[in-house]
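Okay, model27.tsv now, which holds TSV, C-alpha atoms:
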chain	number	residue	atom	x	y	z
A	1464	MET	CA	-34.39	16.52	-40.97
A	1465	ALA	CA	-32.58	19.84	-40.49
A	1466	ILE	CA	-34.66	22.98	-39.85
A	1467	VAL	CA	-33.52	26.21	-41.49
A	1468	PHE	CA	-34.86	29.48	-40.06
A	1469	ASN	CA	-35.12	32.46	-42.40
A	1470	SER	CA	-35.66	34.83	-39.52
A	1471	LEU	CA	-35.11	34.80	-35.76
A	1472	SER	CA	-38.60	36.27	-35.39
A	1473	SER	CA	-40.34	33.61	-37.48
A	1474	PRO	CA	-43.27	31.68	-35.90
A	1475	VAL	CA	-41.41	28.38	-36.47
A	1476	PHE	CA	-38.38	29.62	-34.54
A	1477	SER	CA	-40.58	30.90	-31.71
A	1478	ARG	CA	-42.49	27.62	-31.36
A	1479	THR	CA	-39.23	25.61	-31.46
A	1480	CYS	CA	-37.68	27.69	-28.66
A	1481	THR	CA	-40.81	27.28	-26.55
A	1482	ARG	CA	-40.68	23.51	-27.03
A	1483	LEU	CA	-36.98	23.44	-26.06
A	1484	ARG	CA	-37.73	25.43	-22.90
A	1485	LEU	CA	-40.54	23.01	-21.99
A	1486	ASP	CA	-38.26	20.02	-22.60
A	1487	HIS	CA	-35.61	21.61	-20.39
A	1488	MET	CA	-38.13	22.22	-17.61
A	1489	MET	CA	-39.29	18.60	-17.79
A	1490	SER	CA	-35.66	17.47	-17.50
A	1491	LEU	CA	-35.23	19.59	-14.40
A	1492	ARG	CA	-38.37	18.05	-12.88
A	1493	LEU	CA	-37.01	14.57	-13.54
A	1494	LEU	CA	-33.73	15.52	-11.85
A	1495	SER	CA	-35.32	17.23	-8.84
A	1496	PRO	CA	-33.89	16.36	-5.39
A	1497	ARG	CA	-37.03	14.42	-4.49
A	1498	LYS	CA	-36.72	12.30	-7.63
A	1499	LEU	CA	-32.98	11.79	-7.13
A	1500	LEU	CA	-33.19	10.78	-3.45
A	1501	PRO	CA	-33.82	7.03	-4.01
A	1502	TRP	CA	-30.94	6.91	-6.50
A	1503	LYS	CA	-28.65	8.75	-4.08
A	1504	LYS	CA	-29.47	6.30	-1.29
A	1505	ALA	CA	-28.86	3.32	-3.55
A	1506	ILE	CA	-25.46	4.68	-4.57
A	1507	GLN	CA	-24.53	5.36	-0.94
A	1508	GLN	CA	-25.62	1.91	0.21
A	1509	ARG	CA	-23.60	0.32	-2.54
A	1510	ASN	CA	-20.53	2.42	-1.75
A	1511	PHE	CA	-20.53	1.97	2.03
A	1512	SER	CA	-19.12	-1.42	3.01
A	1513	GLN	CA	-18.66	-2.97	6.45
A	1514	ILE	CA	-14.89	-3.36	6.54
A	1515	GLY	CA	-12.72	-4.94	9.21
A	1516	PHE	CA	-9.18	-3.63	9.65
A	1517	ILE	CA	-6.57	-5.43	11.75
A	1518	GLY	CA	-3.24	-3.69	12.42
A	1519	LEU	CA	-3.36	0.06	13.09
A	1520	GLY	CA	0.35	0.84	13.16
A	1521	ASN	CA	2.24	3.54	11.26
A	1522	MET	CA	0.76	2.41	7.95
A	1523	GLY	CA	-2.49	0.73	8.95
A	1524	GLY	CA	-3.73	3.61	11.08
A	1525	HIS	CA	-3.63	6.03	8.14
A	1526	MET	CA	-5.11	3.48	5.73
A	1527	ALA	CA	-8.02	2.78	8.07
A	1528	SER	CA	-8.62	6.51	8.57
A	1529	ASN	CA	-8.84	7.04	4.82
A	1530	LEU	CA	-11.46	4.32	4.53
A	1531	ILE	CA	-13.61	6.07	7.12
A	1532	ARG	CA	-13.19	9.41	5.35
A	1533	SER	CA	-14.39	7.72	2.17
A	1534	GLY	CA	-17.64	6.74	3.87
A	1535	HIS	CA	-17.01	3.13	4.79
A	1536	LYS	CA	-18.05	1.68	8.14
A	1537	LEU	CA	-15.03	0.27	9.90
A	1538	ASN	CA	-14.51	-2.46	12.50
A	1539	VAL	CA	-10.98	-2.31	13.92
A	1540	TYR	CA	-8.59	-4.34	16.06
A	1541	ASP	CA	-5.09	-3.68	17.35
A	1542	ILE	CA	-3.10	-4.64	20.43
A	1543	SER	CA	-2.53	-0.91	21.01
A	1544	LYS	CA	-5.43	0.68	22.91
A	1545	LYS	CA	-4.27	4.12	21.82
A	1546	ALA	CA	-4.39	3.17	18.15
A	1547	CYS	CA	-7.91	1.80	18.61
A	1548	SER	CA	-9.02	4.94	20.46
A	1549	ASN	CA	-7.77	7.13	17.60
A	1550	LEU	CA	-9.93	5.22	15.11
A	1551	LYS	CA	-12.89	5.10	17.49
A	1552	ALA	CA	-12.80	8.91	17.60
A	1553	LEU	CA	-13.27	8.89	13.82
A	1554	GLY	CA	-16.30	6.60	14.05
A	1555	ALA	CA	-14.84	3.09	13.94
A	1556	THR	CA	-16.18	0.21	16.04
A	1557	VAL	CA	-13.44	-1.36	18.17
A	1558	TYR	CA	-13.36	-5.15	18.66
A	1559	SER	CA	-11.43	-7.01	21.35
A	1560	ARG	CA	-11.40	-10.29	19.38
A	1561	THR	CA	-10.52	-10.80	15.71
A	1562	PRO	CA	-13.03	-13.70	15.18
A	1563	ASP	CA	-15.87	-11.36	16.19
A	1564	LEU	CA	-14.54	-8.65	13.90
A	1565	ALA	CA	-14.37	-11.07	10.95
A	1566	LYS	CA	-17.93	-12.31	11.47
A	1567	ASN	CA	-19.25	-8.75	11.41
A	1568	SER	CA	-17.34	-7.61	8.32
A	1569	GLU	CA	-17.87	-8.13	4.60
A	1570	ILE	CA	-14.19	-7.46	3.90
A	1571	VAL	CA	-11.25	-7.87	6.30
A	1572	ILE	CA	-7.93	-6.08	5.69
A	1573	THR	CA	-4.80	-7.03	7.61
A	1574	MET	CA	-1.67	-4.86	7.88
A	1575	LEU	CA	0.76	-6.64	10.19
A	1576	PRO	CA	4.55	-6.79	10.77
A	1577	ASN	CA	5.65	-10.28	9.70
A	1578	ASN	CA	4.88	-13.87	8.69
A	1579	SER	CA	4.34	-15.25	12.18
A	1580	ILE	CA	1.93	-12.51	13.31
A	1581	VAL	CA	-0.05	-12.70	10.06
A	1582	ASN	CA	-0.30	-16.49	10.30
A	1583	ALA	CA	-1.38	-16.37	13.95
A	1584	SER	CA	-4.00	-13.70	13.22
A	1585	TYR	CA	-5.61	-15.72	10.43
A	1586	GLU	CA	-5.53	-18.91	12.46
A	1587	GLU	CA	-7.41	-17.09	15.21
A	1588	MET	CA	-10.00	-15.64	12.82
A	1589	LEU	CA	-10.60	-18.91	11.01
A	1590	SER	CA	-10.77	-21.01	14.19
A	1591	GLU	CA	-14.38	-20.01	14.90
A	1592	GLY	CA	-15.60	-19.99	11.30
A	1593	ILE	CA	-16.33	-17.10	8.95
A	1594	ASN	CA	-19.27	-15.96	6.86
A	1595	LYS	CA	-19.44	-17.42	3.37
A	1596	GLY	CA	-18.00	-15.03	0.77
A	1597	THR	CA	-16.00	-12.86	3.20
A	1598	ILE	CA	-13.06	-11.31	1.34
A	1599	PHE	CA	-9.74	-11.16	3.20
A	1600	ILE	CA	-7.05	-8.78	1.96
A	1601	ASP	CA	-3.56	-8.98	3.42
A	1602	SER	CA	-1.44	-5.87	2.84
A	1603	SER	CA	1.46	-7.00	5.02
A	1604	THR	CA	4.77	-7.99	3.45
A	1605	ILE	CA	4.95	-11.78	3.81
A	1606	SER	CA	6.27	-14.75	1.88
A	1607	PRO	CA	4.44	-15.99	-1.24
A	1608	GLU	CA	4.43	-19.44	0.40
A	1609	LEU	CA	2.39	-18.12	3.33
A	1610	VAL	CA	0.05	-16.39	0.88
A	1611	LYS	CA	-0.73	-19.70	-0.80
A	1612	SER	CA	-1.22	-21.40	2.56
A	1613	LEU	CA	-3.66	-18.70	3.68
A	1614	GLN	CA	-5.55	-18.90	0.40
A	1615	ASN	CA	-5.98	-22.66	0.77
A	1616	ARG	CA	-7.22	-22.39	4.36
A	1617	ILE	CA	-9.61	-19.53	3.62
A	1618	SER	CA	-11.05	-21.21	0.52
A	1619	LEU	CA	-11.90	-24.29	2.63
A	1620	THR	CA	-14.17	-22.05	4.71
A	1621	GLU	CA	-15.76	-20.61	1.54
A	1622	GLY	CA	-14.00	-17.28	1.99
A	1623	ARG	CA	-11.95	-15.37	-0.60
A	1624	PHE	CA	-8.40	-14.06	-0.28
A	1625	LEU	CA	-6.11	-11.52	-1.97
A	1626	ASP	CA	-2.51	-10.62	-1.21
A	1627	ALA	CA	-2.18	-6.86	-1.68
A	1628	PRO	CA	1.09	-5.48	-0.28
A	1629	VAL	CA	1.75	-1.78	-0.68
A	1630	SER	CA	4.53	0.63	-1.57
A	1631	GLY	CA	4.73	4.31	-0.72
A	1632	GLY	CA	5.64	4.37	2.96
A	1633	VAL	CA	3.97	6.34	5.72
A	1634	PRO	CA	3.46	9.50	3.58
A	1635	GLY	CA	1.72	7.38	0.93
A	1636	ALA	CA	-0.53	5.81	3.56
A	1637	GLU	CA	-1.35	9.21	5.04
A	1638	GLN	CA	-2.06	10.87	1.69
A	1639	ALA	CA	-3.86	7.84	0.18
A	1640	THR	CA	-1.31	7.61	-2.66
A	1641	LEU	CA	-0.08	4.05	-2.03
A	1642	THR	CA	0.59	1.56	-4.80
A	1643	PHE	CA	-1.21	-1.76	-4.25
A	1644	MET	CA	0.24	-4.90	-5.86
A	1645	VAL	CA	-2.56	-7.45	-5.87
A	1646	GLY	CA	-2.50	-11.21	-6.36
A	1647	GLY	CA	-5.49	-13.56	-6.49
A	1648	ALA	CA	-8.62	-14.21	-8.54
A	1649	GLU	CA	-9.27	-11.35	-10.96
A	1650	LYS	CA	-12.99	-11.26	-10.09
A	1651	ASP	CA	-12.09	-10.71	-6.42
A	1652	PHE	CA	-9.64	-7.97	-7.45
A	1653	LYS	CA	-12.40	-6.21	-9.38
A	1654	ALA	CA	-14.76	-6.57	-6.42
A	1655	VAL	CA	-12.44	-4.66	-4.06
A	1656	LYS	CA	-10.60	-2.29	-6.40
A	1657	ASP	CA	-12.82	0.69	-5.49
A	1658	ILE	CA	-12.11	0.09	-1.81
A	1659	LEU	CA	-8.36	-0.07	-2.38
A	1660	GLN	CA	-8.60	3.20	-4.31
A	1661	CYS	CA	-9.73	4.87	-1.07
A	1662	MET	CA	-6.22	4.17	0.24
A	1663	GLY	CA	-4.06	4.25	-2.87
A	1664	LYS	CA	-3.40	5.91	-6.19
A	1665	ARG	CA	-2.24	2.90	-8.22
A	1666	ILE	CA	-4.01	-0.43	-7.90
A	1667	ILE	CA	-2.21	-3.03	-9.99
A	1668	TYR	CA	-3.39	-6.59	-10.64
A	1669	CYS	CA	-0.28	-8.80	-10.72
A	1670	GLY	CA	-1.79	-12.24	-11.34
A	1671	ILE	CA	-2.50	-15.33	-9.26
A	1672	HIS	CA	-2.13	-15.63	-5.48
A	1673	GLY	CA	1.39	-14.73	-4.35
A	1674	MET	CA	2.20	-12.49	-7.30
A	1675	GLY	CA	1.46	-9.34	-5.31
A	1676	GLN	CA	4.03	-10.37	-2.71
A	1677	ALA	CA	6.53	-11.43	-5.38
A	1678	ALA	CA	6.30	-7.95	-6.91
A	1679	LYS	CA	6.67	-6.26	-3.52
A	1680	LEU	CA	9.69	-8.31	-2.50
A	1681	CYS	CA	11.51	-7.76	-5.79
A	1682	ASN	CA	10.85	-4.02	-5.48
A	1683	ASN	CA	12.11	-3.93	-1.90
A	1684	MET	CA	15.29	-5.77	-2.85
A	1685	MET	CA	15.99	-3.06	-5.43
A	1686	LEU	CA	15.23	-0.37	-2.83
A	1687	ALA	CA	17.65	-1.85	-0.29
A	1688	ILE	CA	20.41	-2.33	-2.86
A	1689	SER	CA	20.01	1.23	-4.15
A	1690	MET	CA	20.22	2.68	-0.63
A	1691	ILE	CA	23.63	1.10	-0.10
A	1692	GLY	CA	24.72	2.27	-3.56
A	1693	VAL	CA	23.53	5.86	-3.13
A	1694	SER	CA	25.06	6.05	0.39
A	1695	GLU	CA	28.52	5.00	-0.71
A	1696	THR	CA	28.31	7.16	-3.85
A	1697	MET	CA	27.33	10.28	-1.91
A	1698	ASN	CA	29.99	9.62	0.71
A	1699	LEU	CA	32.68	9.19	-1.93
A	1700	ALA	CA	31.61	12.40	-3.71
A	1701	VAL	CA	31.64	14.45	-0.50
A	1702	ARG	CA	35.08	13.15	0.42
A	1703	GLN	CA	36.37	14.37	-2.93
A	1704	GLY	CA	35.25	17.87	-1.94
A	1705	LEU	CA	31.94	18.04	-3.86
A	1706	ASP	CA	29.03	19.89	-2.32
A	1707	PRO	CA	26.41	17.19	-1.53
A	1708	LYS	CA	23.50	19.28	-2.85
A	1709	ILE	CA	25.28	20.08	-6.09
A	1710	PHE	CA	26.29	16.47	-6.59
A	1711	ALA	CA	22.76	15.26	-5.78
A	1712	GLU	CA	21.47	17.61	-8.49
A	1713	ILE	CA	23.98	16.15	-10.94
A	1714	LEU	CA	23.12	12.59	-9.92
A	1715	ASN	CA	19.39	13.16	-10.33
A	1716	SER	CA	19.81	14.57	-13.83
A	1717	SER	CA	22.24	11.87	-14.96
A	1718	THR	CA	22.32	8.12	-15.54
A	1719	GLY	CA	22.79	7.33	-11.84
A	1720	ARG	CA	19.37	8.72	-10.96
A	1721	CYS	CA	17.03	6.45	-8.96
A	1722	TRP	CA	14.14	6.77	-6.52
A	1723	THR	CA	16.50	6.62	-3.53
A	1724	SER	CA	18.76	9.40	-4.81
A	1725	GLU	CA	15.83	11.63	-5.75
A	1726	PHE	CA	13.23	11.05	-3.03
A	1727	TYR	CA	15.05	9.34	-0.12
A	1728	ASN	CA	18.58	10.67	-0.36
A	1729	PRO	CA	20.49	9.56	2.75
A	1730	VAL	CA	22.43	12.83	3.06
A	1731	PRO	CA	20.63	15.06	5.61
A	1732	GLY	CA	18.94	18.16	4.18
A	1733	ILE	CA	18.56	17.01	0.58
A	1734	THR	CA	15.11	15.39	0.65
A	1735	ALA	CA	12.54	16.00	3.37
A	1736	SER	CA	10.85	12.63	2.77
A	1737	THR	CA	13.90	10.83	4.19
A	1738	GLN	CA	13.02	12.17	7.62
A	1739	ALA	CA	9.29	11.50	7.15
A	1740	ASN	CA	9.49	7.82	6.19
A	1741	LYS	CA	11.74	6.16	8.76
A	1742	VAL	CA	12.24	2.58	7.62
A	1743	PRO	CA	14.10	0.62	10.35
A	1744	ILE	CA	17.03	-1.51	9.24
A	1745	GLU	CA	15.44	-4.55	10.89
A	1746	LEU	CA	12.27	-4.06	8.83
A	1747	ILE	CA	13.98	-3.81	5.42
A	1748	ASN	CA	16.21	-6.72	6.39
A	1749	LYS	CA	13.16	-8.83	7.23
A	1750	ASP	CA	12.06	-8.30	3.62
A	1751	LEU	CA	15.55	-9.22	2.38
A	1752	GLU	CA	15.29	-12.49	4.33
A	1753	LEU	CA	12.06	-13.25	2.46
A	1754	VAL	CA	13.77	-12.29	-0.81
A	1755	ALA	CA	16.66	-14.65	-0.12
A	1756	ASN	CA	14.27	-17.54	0.56
A	1757	LEU	CA	12.30	-16.73	-2.58
A	1758	ALA	CA	15.47	-16.65	-4.68
A	1759	ASN	CA	16.67	-19.91	-3.17
A	1760	SER	CA	13.39	-21.68	-3.94
A	1761	SER	CA	13.50	-20.55	-7.56
A	1762	SER	CA	17.29	-20.99	-8.05
A	1763	SER	CA	17.62	-17.28	-8.91
A	1764	PRO	CA	21.08	-15.72	-8.40
A	1765	ILE	CA	20.90	-12.48	-6.40
A	1766	PRO	CA	24.53	-11.61	-5.54
A	1767	MET	CA	23.79	-7.93	-4.84
A	1768	GLY	CA	20.65	-8.79	-2.89
A	1769	LEU	CA	22.55	-11.22	-0.66
A	1770	LEU	CA	25.42	-8.76	-0.17
A	1771	THR	CA	22.95	-6.08	0.93
A	1772	HIS	CA	21.26	-8.59	3.23
A	1773	ASN	CA	24.68	-9.37	4.73
A	1774	ILE	CA	25.46	-5.70	5.30
A	1775	TYR	CA	22.19	-4.97	7.07
A	1776	SER	CA	22.42	-8.22	9.08
A	1777	SER	CA	25.87	-7.12	10.25
A	1778	LEU	CA	24.51	-3.73	11.36
A	1779	ILE	CA	21.68	-5.44	13.27
A	1780	ALA	CA	24.28	-7.63	15.02
A	1781	GLN	CA	25.94	-4.37	16.13
A	1782	GLY	CA	22.70	-3.23	17.78
A	1783	LEU	CA	21.70	-0.80	15.01
A	1784	GLY	CA	18.53	-2.54	13.84
A	1785	ARG	CA	16.16	0.25	14.90
A	1786	ARG	CA	18.03	2.95	12.99
A	1787	ASP	CA	16.70	4.06	9.61
A	1788	PHE	CA	18.09	2.10	6.68
A	1789	SER	CA	19.38	5.38	5.19
A	1790	ASP	CA	21.68	5.79	8.23
A	1791	VAL	CA	24.20	3.67	6.35
A	1792	TYR	CA	25.42	7.00	4.95
A	1793	ALA	CA	25.84	8.55	8.42
A	1794	LEU	CA	27.86	5.53	9.53
A	1795	MET	CA	30.09	5.82	6.45
A	1796	GLU	CA	30.50	9.58	6.90
A	1797	THR	CA	31.61	9.25	10.52
A	1798	GLU	CA	33.77	6.20	9.79
A	1799	LYS	CA	31.58	4.01	12.00
A	1800	PHE	CA	30.52	1.73	9.17
A	1801	HIS	CA	31.96	-1.64	10.14
A	1802	TYR	CA	30.79	-4.35	7.83
A	1803	LYS	CA	31.49	-7.92	8.80
A	1804	GLN	CA	30.74	-10.76	6.42
A	1805	MET	CA	27.80	-12.70	7.85
A	1806	PHE	CA	27.34	-16.30	6.78
A	1807	LEU	CA	23.61	-16.68	6.33
A	1808	PRO	CA	21.78	-20.00	5.84
A	1809	HIS	CA	21.09	-19.31	2.18
A	1810	GLN	CA	24.57	-18.26	1.05
A	1811	MET	CA	25.48	-17.48	-2.51
A	1812	LEU	CA	23.31	-19.28	-5.01
A	1813	LYS	CA	24.99	-21.11	-7.83

What do you get writing this file as structure tokens?
Amino acid sequence: MAIVFNSLSSPVFSRTCTRLRLDHMMSLRLLSPRKLLPWKKAIQQRNFSQIGFIGLGNMGGHMASNLIRSGHKLNVYDISKKACSNLKALGATVYSRTPDLAKNSEIVITMLPNNSIVNASYEEMLSEGINKGTIFIDSSTISPELVKSLQNRISLTEGRFLDAPVSGGVPGAEQATLTFMVGGAEKDFKAVKDILQCMGKRIIYCGIHGMGQAAKLCNNMMLAISMIGVSETMNLAVRQGLDPKIFAEILNSSTGRCWTSEFYNPVPGITASTQANKVPIELINKDLELVANLANSSSSPIPMGLLTHNIYSSLIAQGLGRRDFSDVYALMETEKFHYKQMFLPHQMLK
């Protein structure tokens, strides 16, 4: 029932205001620090997880640091003593053996260079048994076939597994703005999403086991192809007499615009992030090898993907594997780009 006051000085108005003040004071008492303390502790205990992190390289080191800054307790392992020391200084516990780390962690995240190292690391962890319900998250870039193999082996020990590769490079890892592409059981994805959000901005559920890696590999194929395309386009434009900055502005406001042209332009001085990322040719080509195998197993034609794989394989054969994959432009500019057709095991798909 609505109350209508004829006067601000009426007795009814006065009594109502007094009652409202009393109600407000009671609310403040209920929300006093002493009353809130048990709730605060419960929230903190729920938020803080015992997390294991294996692989503290250029990406993993930043990701692990962000987990600590978010309040999680971290157990870490890496073959680099310096990398371990850096995390220890932030409060992490360093382990000398991965099986011990796994047994003392509720969740284990791996961020490692390639298939063989990932496989060996999981074999070592699983060899001595794990705690029931431990969730393993692999954020490396590996083959979907290995993902499925790991999932089968981990499930036999009553553990849980997610493939969760990332995109965003070193700056994304440092700034906690990575994109996670996650494959596995949806309930497991929901269980760890808050933890992944400590390291990334976009956490995307892609489907069953292996779908995270499938998404990552398809994305990286597009990235590698576009780098070759932008490099030859910029080189051609400059050789016609166009100012590279002016042409880059035109390109990025026209139909040729792409992530590579806008954020990782291979021409020096156009985008600062090109210098910050540093993606070695041998690393992007490792992903292209996985892409080629994936395409072969699914009878998917990838003529541009295989051509790009051939180009980078040729540059690696010339001893250029440790150079950044954007250095294709520098090689073209200085007329040192010598591309030799490489005949790879999985040549053109029919």

(request) Work out how far atom CA of Ser1777 of chain A is from atom CA of Arg1720 of chain A, in Å to one decimal. (result) 27.3 Å

(request) Rank nothing, just name the residue among A:Arg1560, A:His1672, A:Lys1749, A:Lys1653 nearest to Tyr1540 of chain A, using all atoms listed in the file. (result)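 Of all the options, A:Arg1560 lies closest to Tyr1540 of chain A.
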
(request) Just give me the gap between atom CA of Ala1755 of chain A and atom CA of Gly1768 of chain A in Å, one decimal is fine. (result)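 Calculated distance between atom CA of Ala1755 of chain A and atom CA of Gly1768 of chain A is 7.6 Å.
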
(request) Work out how far apart atom CA of Asn1521 of chain A and atom CA of Ala1636 of chain A are and give it in Å to one decimal. (result)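 We find that atom CA of Asn1521 of chain A and atom CA of Ala1636 of chain A lie 8.5 Å from each other.
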
(message) Which residues are near Ser1603 of chain A? Cut-off 9 Å, all atoms listed in the file, ignore same chain within fewer than 6 positions. Put them as a VMD selection string.
(response) chain A and resid 1573 to 1578 1581 1626 to 1629 1676

Any chance you could export the current selection's C-alpha atoms as a CSV table (one decimal), in the coordinates of the input?
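Generated file (again_34.csv):
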chain,number,residue,atom,x,y,z
A,1573,THR,CA,-4.8,-7.0,7.6
A,1574,MET,CA,-1.7,-4.9,7.9
A,1575,LEU,CA,0.8,-6.6,10.2
A,1576,PRO,CA,4.6,-6.8,10.8
A,1577,ASN,CA,5.6,-10.3,9.7
A,1578,ASN,CA,4.9,-13.9,8.7
A,1581,VAL,CA,0.0,-12.7,10.1
A,1626,ASP,CA,-2.5,-10.6,-1.2
A,1627,ALA,CA,-2.2,-6.9,-1.7
A,1628,PRO,CA,1.1,-5.5,-0.3
A,1629,VAL,CA,1.8,-1.8,-0.7
A,1676,GLN,CA,4.0,-10.4,-2.7

(request) List the neighbours of Phe1643 of chain A out to 9 Å using only C-alpha atoms; skip same-chain residues closer than 2 positions along the sequence, and give me the result as a PyMOL selection string. (result) chain A and resi 1602+1627-1630+1641+1645+1659-1660+1662-1668+1675

(request) Using only C-alpha atoms, find the one residue out of A:Ala1639, A:Leu1550, A:Leu1699, A:Leu1564 that sits nearest to Gly1515 of chain A. (result) A:Leu1564

(request) Choose the residue, out of A:Ala1552, A:Met1767, A:Leu1680, A:Cys1669, that has the smallest atom-to-atom separation from Leu1753 of chain A; count only C-alpha atoms. (result)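 Looking at the shortest contact to Leu1753 of chain A, the residue is A:Leu1680.
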
(message) Report as number ranges by chain all protein, DNA and RNA residues lying within 9 Å of Arg1616 of chain A, evaluated on all atoms listed in the file, omitting residues in the same chain fewer than 5 positions from it.
(response) A: 1586, 1589, 1611, 1622

Once you add 8 Å to each side, what are the centre and edge lengths of the axis-aligned box holding all listed atoms of segment 1574-1577 of chain A? One decimal in Å, as lines of an AutoDock Vina configuration file, if you can.
center_x = 2.0
center_y = -7.6
center_z = 9.3
size_x = 23.3
size_y = 21.4
size_z = 18.9

(request) Counting only C-alpha atoms, figure out which residue out of A:Lys1595, A:Arg1785, A:Lys1650, A:His1525 gets nearest to Ala1565 of chain A. (result)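 Between A:Lys1595, A:Arg1785, A:Lys1650, A:His1525, the residue approaching Ala1565 of chain A most closely is A:Lys1595.
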
(request) Return the single residue from A:Pro1743, A:Gly1784, A:Gly1518, A:Pro1729 that is closest to Glu1695 of chain A, with distances computed using only C-alpha atoms. (result)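 Of A:Pro1743, A:Gly1784, A:Gly1518, A:Pro1729, the one nearest Glu1695 of chain A, counting only C-alpha atoms, is A:Pro1729.
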
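Between Thr1640 of chain A and the residues A:Ala1677, A:Met1522, A:Met1690, A:Leu1537, the shortest atom-to-atom distance, using only C-alpha atoms, involves A:Met1522.
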